[in-house]
>>> print(open('final.tsv').read())   # TSV, C-alpha atoms and all ligand atoms
chain	number	residue	atom	x	y	z
A	4	MET	CA	36.34	18.68	85.24
A	5	THR	CA	34.22	18.17	88.34
A	6	ALA	CA	35.25	15.10	90.30
A	7	PRO	CA	32.34	12.75	90.98
A	8	THR	CA	31.10	12.32	94.54
A	9	PRO	CA	31.98	8.72	95.46
A	10	LEU	CA	29.11	6.30	96.08
A	11	ILE	CA	29.21	2.98	97.89
A	12	ALA	CA	25.94	1.14	97.35
A	13	GLY	CA	24.89	-2.19	98.83
A	14	ASN	CA	22.73	-4.44	96.66
A	15	TRP	CA	20.99	-6.81	99.04
A	16	LYS	CA	19.45	-8.72	96.10
A	17	MET	CA	16.81	-11.23	97.34
A	18	HIS	CA	18.12	-11.26	100.89
A	19	GLY	CA	16.89	-9.60	104.05
A	20	LEU	CA	13.87	-9.57	106.34
A	21	ALA	CA	12.77	-6.98	108.90
A	22	ALA	CA	15.43	-8.22	111.34
A	23	SER	CA	18.11	-7.30	108.79
A	24	LEU	CA	17.30	-3.62	109.27
A	25	ASP	CA	19.58	-3.81	112.30
A	26	GLU	CA	22.53	-4.18	109.91
A	27	ALA	CA	21.47	-1.01	108.10
A	28	ARG	CA	21.01	0.80	111.41
A	29	ALA	CA	24.52	-0.27	112.44
A	30	VAL	CA	25.94	1.17	109.22
A	31	ALA	CA	24.11	4.46	109.80
A	32	ALA	CA	25.28	4.63	113.42
A	33	ALA	CA	28.91	4.01	112.48
A	34	LEU	CA	28.81	6.73	109.81
A	35	ALA	CA	27.28	9.12	112.32
A	36	GLY	CA	30.14	8.19	114.65
A	37	GLY	CA	32.69	9.32	112.07
A	38	VAL	CA	33.44	6.20	110.02
A	39	GLY	CA	34.13	6.86	106.34
A	40	ALA	CA	34.96	10.04	104.48
A	41	LYS	CA	32.35	12.76	104.89
A	42	ALA	CA	32.08	13.21	101.12
A	43	THR	CA	31.25	9.57	100.44
A	44	ARG	CA	27.62	8.77	99.72
A	45	VAL	CA	26.36	5.44	101.05
A	46	ALA	CA	23.22	3.62	99.98
A	47	ILE	CA	21.51	0.31	100.69
A	48	CYS	CA	19.18	-1.23	98.11
A	49	PRO	CA	16.95	-3.89	99.70
A	50	ALA	CA	14.24	-5.96	98.03
A	51	ALA	CA	11.02	-4.04	97.38
A	52	PRO	CA	9.04	-5.19	100.47
A	53	LEU	CA	11.71	-3.76	102.75
A	54	ILE	CA	12.20	-0.37	101.08
A	55	SER	CA	9.65	1.56	103.11
A	56	ARG	CA	10.88	0.23	106.46
A	57	MET	CA	14.51	0.68	105.39
A	58	ALA	CA	13.86	4.32	104.49
A	59	GLN	CA	12.17	4.86	107.86
A	60	ALA	CA	15.01	3.12	109.73
A	61	LEU	CA	17.57	5.31	107.93
A	62	ALA	CA	15.63	8.58	108.13
A	63	GLY	CA	17.91	11.41	109.24
A	64	SER	CA	21.03	9.34	108.61
A	65	ARG	CA	23.64	9.60	105.86
A	66	VAL	CA	22.55	6.29	104.35
A	67	GLU	CA	20.18	6.48	101.38
A	68	THR	CA	17.71	3.81	100.34
A	69	GLY	CA	17.48	2.43	96.82
A	70	GLY	CA	15.42	-0.03	94.81
A	71	GLN	CA	16.79	-2.87	92.68
A	72	ASP	CA	14.56	-2.52	89.62
A	73	CYS	CA	11.43	-0.79	88.39
A	74	ARG	CA	8.94	-1.17	85.60
A	75	ALA	CA	9.23	1.24	82.64
A	76	GLU	CA	5.51	2.06	82.71
A	77	ALA	CA	4.16	4.50	85.30
A	78	SER	CA	1.23	2.25	86.32
A	79	GLY	CA	-1.02	-0.44	84.92
A	80	ALA	CA	-1.96	-4.10	84.92
A	81	PHE	CA	1.51	-5.51	85.56
A	82	THR	CA	1.05	-8.03	88.36
A	83	GLY	CA	4.06	-8.32	90.60
A	84	ASP	CA	5.93	-5.37	89.14
A	85	VAL	CA	6.85	-2.10	90.83
A	86	ALA	CA	6.72	1.39	89.30
A	87	ALA	CA	9.49	3.93	89.84
A	88	GLU	CA	7.04	6.31	91.49
A	89	MET	CA	6.16	3.58	94.01
A	90	LEU	CA	9.82	3.23	94.96
A	91	ALA	CA	10.09	6.98	95.45
A	92	ASP	CA	6.83	7.00	97.40
A	93	ALA	CA	8.25	4.29	99.68
A	94	GLY	CA	11.29	6.45	100.42
A	95	ALA	CA	13.86	5.35	97.84
A	96	THR	CA	16.08	7.99	96.27
A	97	LEU	CA	18.03	5.69	93.95
A	98	VAL	CA	17.35	2.61	91.86
A	99	ILE	CA	19.64	-0.04	90.37
A	100	LEU	CA	18.70	-0.75	86.73
A	101	GLY	CA	19.98	-3.21	84.15
A	102	HIS	CA	21.68	-5.51	86.65
A	103	SER	CA	23.04	-8.59	84.87
A	104	GLU	CA	20.73	-10.76	86.99
A	105	ARG	CA	17.81	-8.85	85.41
A	106	ARG	CA	19.36	-8.82	81.94
A	107	ALA	CA	20.04	-12.58	82.02
A	108	GLY	CA	17.19	-13.82	84.21
A	109	HIS	CA	14.42	-11.57	82.92
A	110	GLY	CA	15.46	-10.97	79.32
A	111	GLU	CA	16.10	-7.26	79.77
A	112	ASP	CA	17.85	-5.68	76.80
A	113	ASP	CA	19.48	-2.26	76.47
A	114	ALA	CA	16.32	-0.63	75.10
A	115	LEU	CA	14.23	-1.82	78.05
A	116	VAL	CA	16.90	-0.68	80.52
A	117	ALA	CA	16.93	2.74	78.84
A	118	ALA	CA	13.14	2.94	79.15
A	119	LYS	CA	13.39	2.07	82.85
A	120	VAL	CA	16.01	4.77	83.32
A	121	GLY	CA	13.56	7.23	81.79
A	122	ALA	CA	10.87	6.08	84.22
A	123	ALA	CA	13.26	6.46	87.16
A	124	LEU	CA	14.13	10.02	86.12
A	125	ARG	CA	10.44	10.95	85.79
A	126	ALA	CA	9.92	9.69	89.35
A	127	GLY	CA	12.87	11.73	90.64
A	128	LEU	CA	15.02	8.66	91.32
A	129	GLU	CA	18.76	8.58	90.65
A	130	PRO	CA	19.57	5.55	88.50
A	131	ILE	CA	22.57	3.27	88.98
A	132	ILE	CA	22.87	1.68	85.53
A	133	CYS	CA	24.69	-1.64	85.39
A	134	VAL	CA	26.78	-2.93	82.51
A	135	GLY	CA	29.26	-5.80	82.24
A	136	GLU	CA	30.54	-8.52	79.98
A	137	ALA	CA	30.15	-12.30	80.35
A	138	LEU	CA	33.20	-14.54	80.68
A	139	ASP	CA	33.14	-15.76	77.07
A	140	GLN	CA	32.97	-12.16	75.88
A	141	ARG	CA	36.06	-11.25	77.90
A	142	GLU	CA	37.92	-14.37	76.84
A	143	SER	CA	37.18	-13.69	73.18
A	144	GLY	CA	38.49	-10.12	73.50
A	145	HIS	CA	35.10	-8.42	73.23
A	146	ALA	CA	34.71	-7.03	76.78
A	147	LEU	CA	35.25	-3.40	75.80
A	148	SER	CA	32.96	-3.44	72.79
A	149	VAL	CA	30.20	-5.26	74.70
A	150	VAL	CA	30.29	-2.85	77.65
A	151	ILE	CA	30.53	0.26	75.49
A	152	GLY	CA	27.57	-1.02	73.48
A	153	GLN	CA	25.60	-1.46	76.70
A	154	VAL	CA	26.48	2.05	77.85
A	155	ARG	CA	25.40	3.55	74.52
A	156	GLY	CA	22.19	1.51	74.46
A	157	SER	CA	21.11	1.67	78.10
A	158	LEU	CA	21.65	5.36	78.88
A	159	PRO	CA	18.94	7.58	77.35
A	160	ALA	CA	19.55	11.18	76.29
A	161	GLY	CA	17.36	12.31	79.19
A	162	LEU	CA	20.22	11.63	81.60
A	163	ALA	CA	21.99	14.78	80.41
A	164	GLY	CA	22.41	17.08	83.38
A	165	ARG	CA	20.77	14.61	85.81
A	166	PRO	CA	22.54	12.77	88.64
A	167	PHE	CA	23.28	9.12	87.81
A	168	SER	CA	26.00	6.53	88.07
A	169	VAL	CA	27.18	3.63	85.95
A	170	ALA	CA	28.21	0.36	87.61
A	171	TYR	CA	30.69	-1.81	85.74
A	172	GLU	CA	29.97	-5.34	86.92
A	173	PRO	CA	31.68	-8.12	84.95
A	174	VAL	CA	29.13	-10.96	85.06
A	175	TRP	CA	31.85	-13.54	85.78
A	176	ALA	CA	33.01	-11.57	88.85
A	177	ILE	CA	29.59	-11.45	90.54
A	178	GLY	CA	29.36	-13.75	93.54
A	179	THR	CA	32.38	-15.78	92.40
A	180	GLY	CA	35.23	-14.28	94.39
A	181	LEU	CA	36.94	-13.53	91.05
A	182	THR	CA	37.81	-9.96	90.07
A	183	PRO	CA	39.46	-8.40	87.03
A	184	THR	CA	43.00	-7.14	87.52
A	185	THR	CA	43.37	-3.49	88.47
A	186	PRO	CA	44.64	-2.58	84.95
A	187	GLU	CA	41.59	-4.34	83.45
A	188	ILE	CA	39.25	-2.36	85.73
A	189	GLU	CA	41.04	0.90	84.87
A	190	GLU	CA	40.94	0.19	81.14
A	191	MET	CA	37.18	-0.41	81.29
A	192	HIS	CA	36.40	2.54	83.55
A	193	ARG	CA	38.45	4.90	81.35
A	194	ALA	CA	36.59	3.66	78.28
A	195	ILE	CA	33.23	4.20	80.00
A	196	ARG	CA	34.32	7.70	81.08
A	197	ARG	CA	35.26	8.53	77.49
A	198	VAL	CA	31.91	7.38	76.14
A	199	LEU	CA	29.96	9.24	78.84
A	200	GLY	CA	31.78	12.41	77.75
A	201	GLU	CA	30.90	11.76	74.12
A	202	MET	CA	27.26	11.13	75.01
A	203	PHE	CA	26.58	13.79	77.62
A	204	GLY	CA	29.43	16.29	77.51
A	205	PRO	CA	31.48	17.58	80.47
A	206	ALA	CA	28.51	17.42	82.90
A	207	ALA	CA	28.85	13.63	82.82
A	208	ASP	CA	32.22	13.98	84.58
A	209	ARG	CA	30.16	14.26	87.76
A	210	ALA	CA	28.73	10.74	87.34
A	211	PRO	CA	30.70	8.21	89.37
A	212	ILE	CA	31.61	4.95	87.65
A	213	LEU	CA	31.22	2.22	90.25
A	214	TYR	CA	32.90	-1.17	90.18
A	215	GLY	CA	30.88	-4.23	91.22
A	216	GLY	CA	31.69	-7.93	91.44
A	217	SER	CA	33.17	-9.66	94.50
A	218	VAL	CA	34.13	-6.43	96.27
A	219	LYS	CA	35.05	-7.35	99.84
A	220	PRO	CA	37.05	-5.88	102.70
A	221	SER	CA	40.26	-7.57	101.52
A	222	ASN	CA	40.24	-6.14	97.98
A	223	ALA	CA	38.26	-2.91	98.45
A	224	ALA	CA	41.19	-0.52	98.95
A	225	GLU	CA	42.97	-1.55	95.75
A	226	ILE	CA	39.80	-1.48	93.66
A	227	LEU	CA	38.45	1.78	95.08
A	228	HIS	CA	41.73	3.59	94.47
A	229	ALA	CA	42.02	2.49	90.86
A	230	ALA	CA	41.76	5.20	88.19
A	231	GLU	CA	38.20	6.29	87.36
A	232	VAL	CA	36.67	4.05	90.06
A	233	GLY	CA	34.17	6.30	91.80
A	234	GLY	CA	32.82	3.81	94.29
A	235	ALA	CA	31.40	0.30	94.44
A	236	LEU	CA	28.20	-1.66	94.03
A	237	VAL	CA	28.54	-4.37	96.66
A	238	GLY	CA	26.49	-7.57	96.81
A	239	GLY	CA	27.24	-10.24	99.39
A	240	ALA	CA	29.61	-8.12	101.48
A	241	SER	CA	26.90	-5.46	101.98
A	242	LEU	CA	24.68	-7.79	104.00
A	243	LYS	CA	26.80	-7.53	107.13
A	244	ALA	CA	27.39	-4.08	108.59
A	245	ASP	CA	30.97	-4.86	109.62
A	246	ASP	CA	32.05	-5.92	106.11
A	247	PHE	CA	30.18	-3.07	104.42
A	248	LEU	CA	31.72	-0.55	106.80
A	249	GLU	CA	35.20	-1.91	106.12
A	250	ILE	CA	34.61	-1.30	102.42
A	251	ILE	CA	33.38	2.23	103.12
A	252	ARG	CA	36.48	2.79	105.27
A	253	ALA	CA	38.73	1.51	102.49
A	254	LEU	CA	37.70	4.43	100.31
A	255	GLY	CA	39.42	6.64	102.88
B	1	LIG	P1	28.83	-9.63	94.82
B	1	LIG	O1	29.47	-8.45	95.51
B	1	LIG	O2	28.11	-10.56	95.74
B	1	LIG	O3	29.79	-10.30	93.87
B	1	LIG	O4	27.66	-8.99	93.88
B	1	LIG	C1	27.95	-7.94	93.06
B	1	LIG	C2	26.70	-7.41	92.50
B	1	LIG	O5	26.04	-8.02	91.68
B	1	LIG	C3	26.25	-6.10	93.00
B	1	LIG	O6	25.19	-5.61	92.24
>>> encode(input="final.tsv", output="structure tokens")
Amino acid sequence: MTAPTPLIAGNWKMHGLAASLDEARAVAAALAGGVGAKATRVAICPAAPLISRMAQALAGSRVETGGQDCRAEASGAFTGDVAAEMLADAGATLVILGHSERRAGHGEDDALVAAKVGAALRAGLEPIICVGEALDQRESGHALSVVIGQVRGSLPAGLAGRPFSVAYEPVWAIGTGLTPTTPEIEEMHRAIRRVLGEMFGPAADRAPILYGGSVKPSNAAEILHAAEVGGALVGGASLKADDFLEIIRALG
């Protein structure tokens, strides 16, 4: 089994203007100065208008740039939408897909997420595919079946042999300060790992399974050292370089 390369990715969501690039530059400078394990990959995923300038600001650094969504089609009359190839052309190397804020707020289902993953792969982007249960699904004992269903439905066969990651983000933990217990995180990540093996074979052992949902400096070490946690997808705490760096440091 090949251990996955850990990935800490910041999801800036709909935050950030040109002035915020200074935070990204500060992260890059600290990594260049020796902060964080050499093997850890770090990415920042800003809103689409900032991707090109982010990629330029981070050029030559260890910090990669990612998008937050893409359209499944390669081009066309889709006002306001962004194609995967456009993200790559702007300098992104990764893209977050199937985030719960897209699933809930834009009606994205597993089939659409899978189609977007296919588009990302055709554009040479590495997808970060998000899954996670809502609070009522956890409380009714359905968290595992919901998340496994999302993994099976949102990850197309074309991912076999390609670099990708899965982010487990319980919807009720996003932006709330709440997190699952460490055993709950480990149970879910082990289940996702098992299903990835069933779907893609041993090569999928290289795909990190990220945890997302209220990761912050104070809880990062415990979460990042839990079994089968291969990194984090960080929202609010990725907006400030100091907090994001503390999370990167917590991975060791
Ligand atoms: P928070 O870290 O702000 O809870 O957001 C998590 C998230 O949705 C990352 O994609």
>>> residues_near_ligand(input="final.tsv", ligand="ligand LIG 1 (chain B)", cutoff="10 Å", atoms="all atoms listed in the file", output="PDB file with C-alpha atoms, in the coordinates of the input")
ATOM      1  CA  ALA A  12      25.940   1.140  97.350  1.00  0.00           C
ATOM      2  CA  GLY A  13      24.890  -2.190  98.830  1.00  0.00           C
ATOM      3  CA  ASN A  14      22.730  -4.440  96.660  1.00  0.00           C
ATOM      4  CA  TRP A  15      20.990  -6.810  99.040  1.00  0.00           C
ATOM      5  CA  LYS A  16      19.450  -8.720  96.100  1.00  0.00           C
ATOM      6  CA  CYS A  48      19.180  -1.230  98.110  1.00  0.00           C
ATOM      7  CA  GLN A  71      16.790  -2.870  92.680  1.00  0.00           C
ATOM      8  CA  ILE A  99      19.640  -0.040  90.370  1.00  0.00           C
ATOM      9  CA  LEU A 100      18.700  -0.750  86.730  1.00  0.00           C
ATOM     10  CA  GLY A 101      19.980  -3.210  84.150  1.00  0.00           C
ATOM     11  CA  HIS A 102      21.680  -5.510  86.650  1.00  0.00           C
ATOM     12  CA  SER A 103      23.040  -8.590  84.870  1.00  0.00           C
ATOM     13  CA  GLU A 104      20.730 -10.760  86.990  1.00  0.00           C
ATOM     14  CA  ILE A 131      22.570   3.270  88.980  1.00  0.00           C
ATOM     15  CA  CYS A 133      24.690  -1.640  85.390  1.00  0.00           C
ATOM     16  CA  ALA A 170      28.210   0.360  87.610  1.00  0.00           C
ATOM     17  CA  TYR A 171      30.690  -1.810  85.740  1.00  0.00           C
ATOM     18  CA  GLU A 172      29.970  -5.340  86.920  1.00  0.00           C
ATOM     19  CA  PRO A 173      31.680  -8.120  84.950  1.00  0.00           C
ATOM     20  CA  VAL A 174      29.130 -10.960  85.060  1.00  0.00           C
ATOM     21  CA  TRP A 175      31.850 -13.540  85.780  1.00  0.00           C
ATOM     22  CA  ALA A 176      33.010 -11.570  88.850  1.00  0.00           C
ATOM     23  CA  ILE A 177      29.590 -11.450  90.540  1.00  0.00           C
ATOM     24  CA  GLY A 178      29.360 -13.750  93.540  1.00  0.00           C
ATOM     25  CA  THR A 179      32.380 -15.780  92.400  1.00  0.00           C
ATOM     26  CA  GLY A 180      35.230 -14.280  94.390  1.00  0.00           C
ATOM     27  CA  LEU A 181      36.940 -13.530  91.050  1.00  0.00           C
ATOM     28  CA  THR A 182      37.810  -9.960  90.070  1.00  0.00           C
ATOM     29  CA  TYR A 214      32.900  -1.170  90.180  1.00  0.00           C
ATOM     30  CA  GLY A 215      30.880  -4.230  91.220  1.00  0.00           C
ATOM     31  CA  GLY A 216      31.690  -7.930  91.440  1.00  0.00           C
ATOM     32  CA  SER A 217      33.170  -9.660  94.500  1.00  0.00           C
ATOM     33  CA  VAL A 218      34.130  -6.430  96.270  1.00  0.00           C
ATOM     34  CA  LYS A 219      35.050  -7.350  99.840  1.00  0.00           C
ATOM     35  CA  ALA A 235      31.400   0.300  94.440  1.00  0.00           C
ATOM     36  CA  LEU A 236      28.200  -1.660  94.030  1.00  0.00           C
ATOM     37  CA  VAL A 237      28.540  -4.370  96.660  1.00  0.00           C
ATOM     38  CA  GLY A 238      26.490  -7.570  96.810  1.00  0.00           C
ATOM     39  CA  GLY A 239      27.240 -10.240  99.390  1.00  0.00           C
ATOM     40  CA  ALA A 240      29.610  -8.120 101.480  1.00  0.00           C
ATOM     41  CA  SER A 241      26.900  -5.460 101.980  1.00  0.00           C
ATOM     42  CA  LEU A 242      24.680  -7.790 104.000  1.00  0.00           C
TER      43      LEU A 242
END
>>> atom_distance(input="final.tsv", atom1="CA of Phe167 (chain A)", atom2="CA of Pro130 (chain A)")
5.2 Å
>>> closest_residue(input="final.tsv", among="A:Gly234, A:Gly135, A:Gly19, A:Gly161", to="Pro211 (chain A)", atoms="only C-alpha atoms")
A:Gly234
>>> closest_residue(input="final.tsv", among="A:Gly200, A:Pro186, A:Gly94, A:Gly164", to="Leu61 (chain A)", atoms="all atoms listed in the file")
A:Gly94
>>> closest_residue(input="final.tsv", among="A:Val38, A:Glu129, A:Ala206, A:Ala118", to="Thr68 (chain A)", atoms="all atoms listed in the file")
A:Glu129
>>> residues_around(input="final.tsv", residues="Phe203 (chain A)", least_positions_apart="5", cutoff="9 Å", atoms="all atoms listed in the file", output="count of residues only")
6
>>> closest_residue(input="final.tsv", among="A:Arg105, A:Arg252, A:His228, A:Arg209", to="Ile188 (chain A)", atoms="all atoms listed in the file")
A:His228
>>> atom_distance(input="final.tsv", atom1="CA of Glu225 (chain A)", atom2="CA of Gly39 (chain A)")
16.2 Å
>>> atom_distance(input="final.tsv", atom1="CA of Glu111 (chain A)", atom2="CA of Pro9 (chain A)")
27.5 Å
>>> residues_around(input="final.tsv", residues="Asp245 (chain A)", least_positions_apart="5", cutoff="9 Å", atoms="only C-alpha atoms", output="ChimeraX atom specification")
/A:26,29-30,240,250
>>> write_last_selection(input="final.tsv", atoms="C-alpha atoms", output="short mmCIF file (atom, residue, chain, number, x, y, z; two decimals), in the frame of the given file")
data_model
loop_
_atom_site.label_atom_id
_atom_site.label_comp_id
_atom_site.auth_asym_id
_atom_site.auth_seq_id
_atom_site.Cartn_x
_atom_site.Cartn_y
_atom_site.Cartn_z
CA GLU A 26 22.53 -4.18 109.91
CA ALA A 29 24.52 -0.27 112.44
CA VAL A 30 25.94 1.17 109.22
CA ALA A 240 29.61 -8.12 101.48
CA ILE A 250 34.61 -1.30 102.42
#
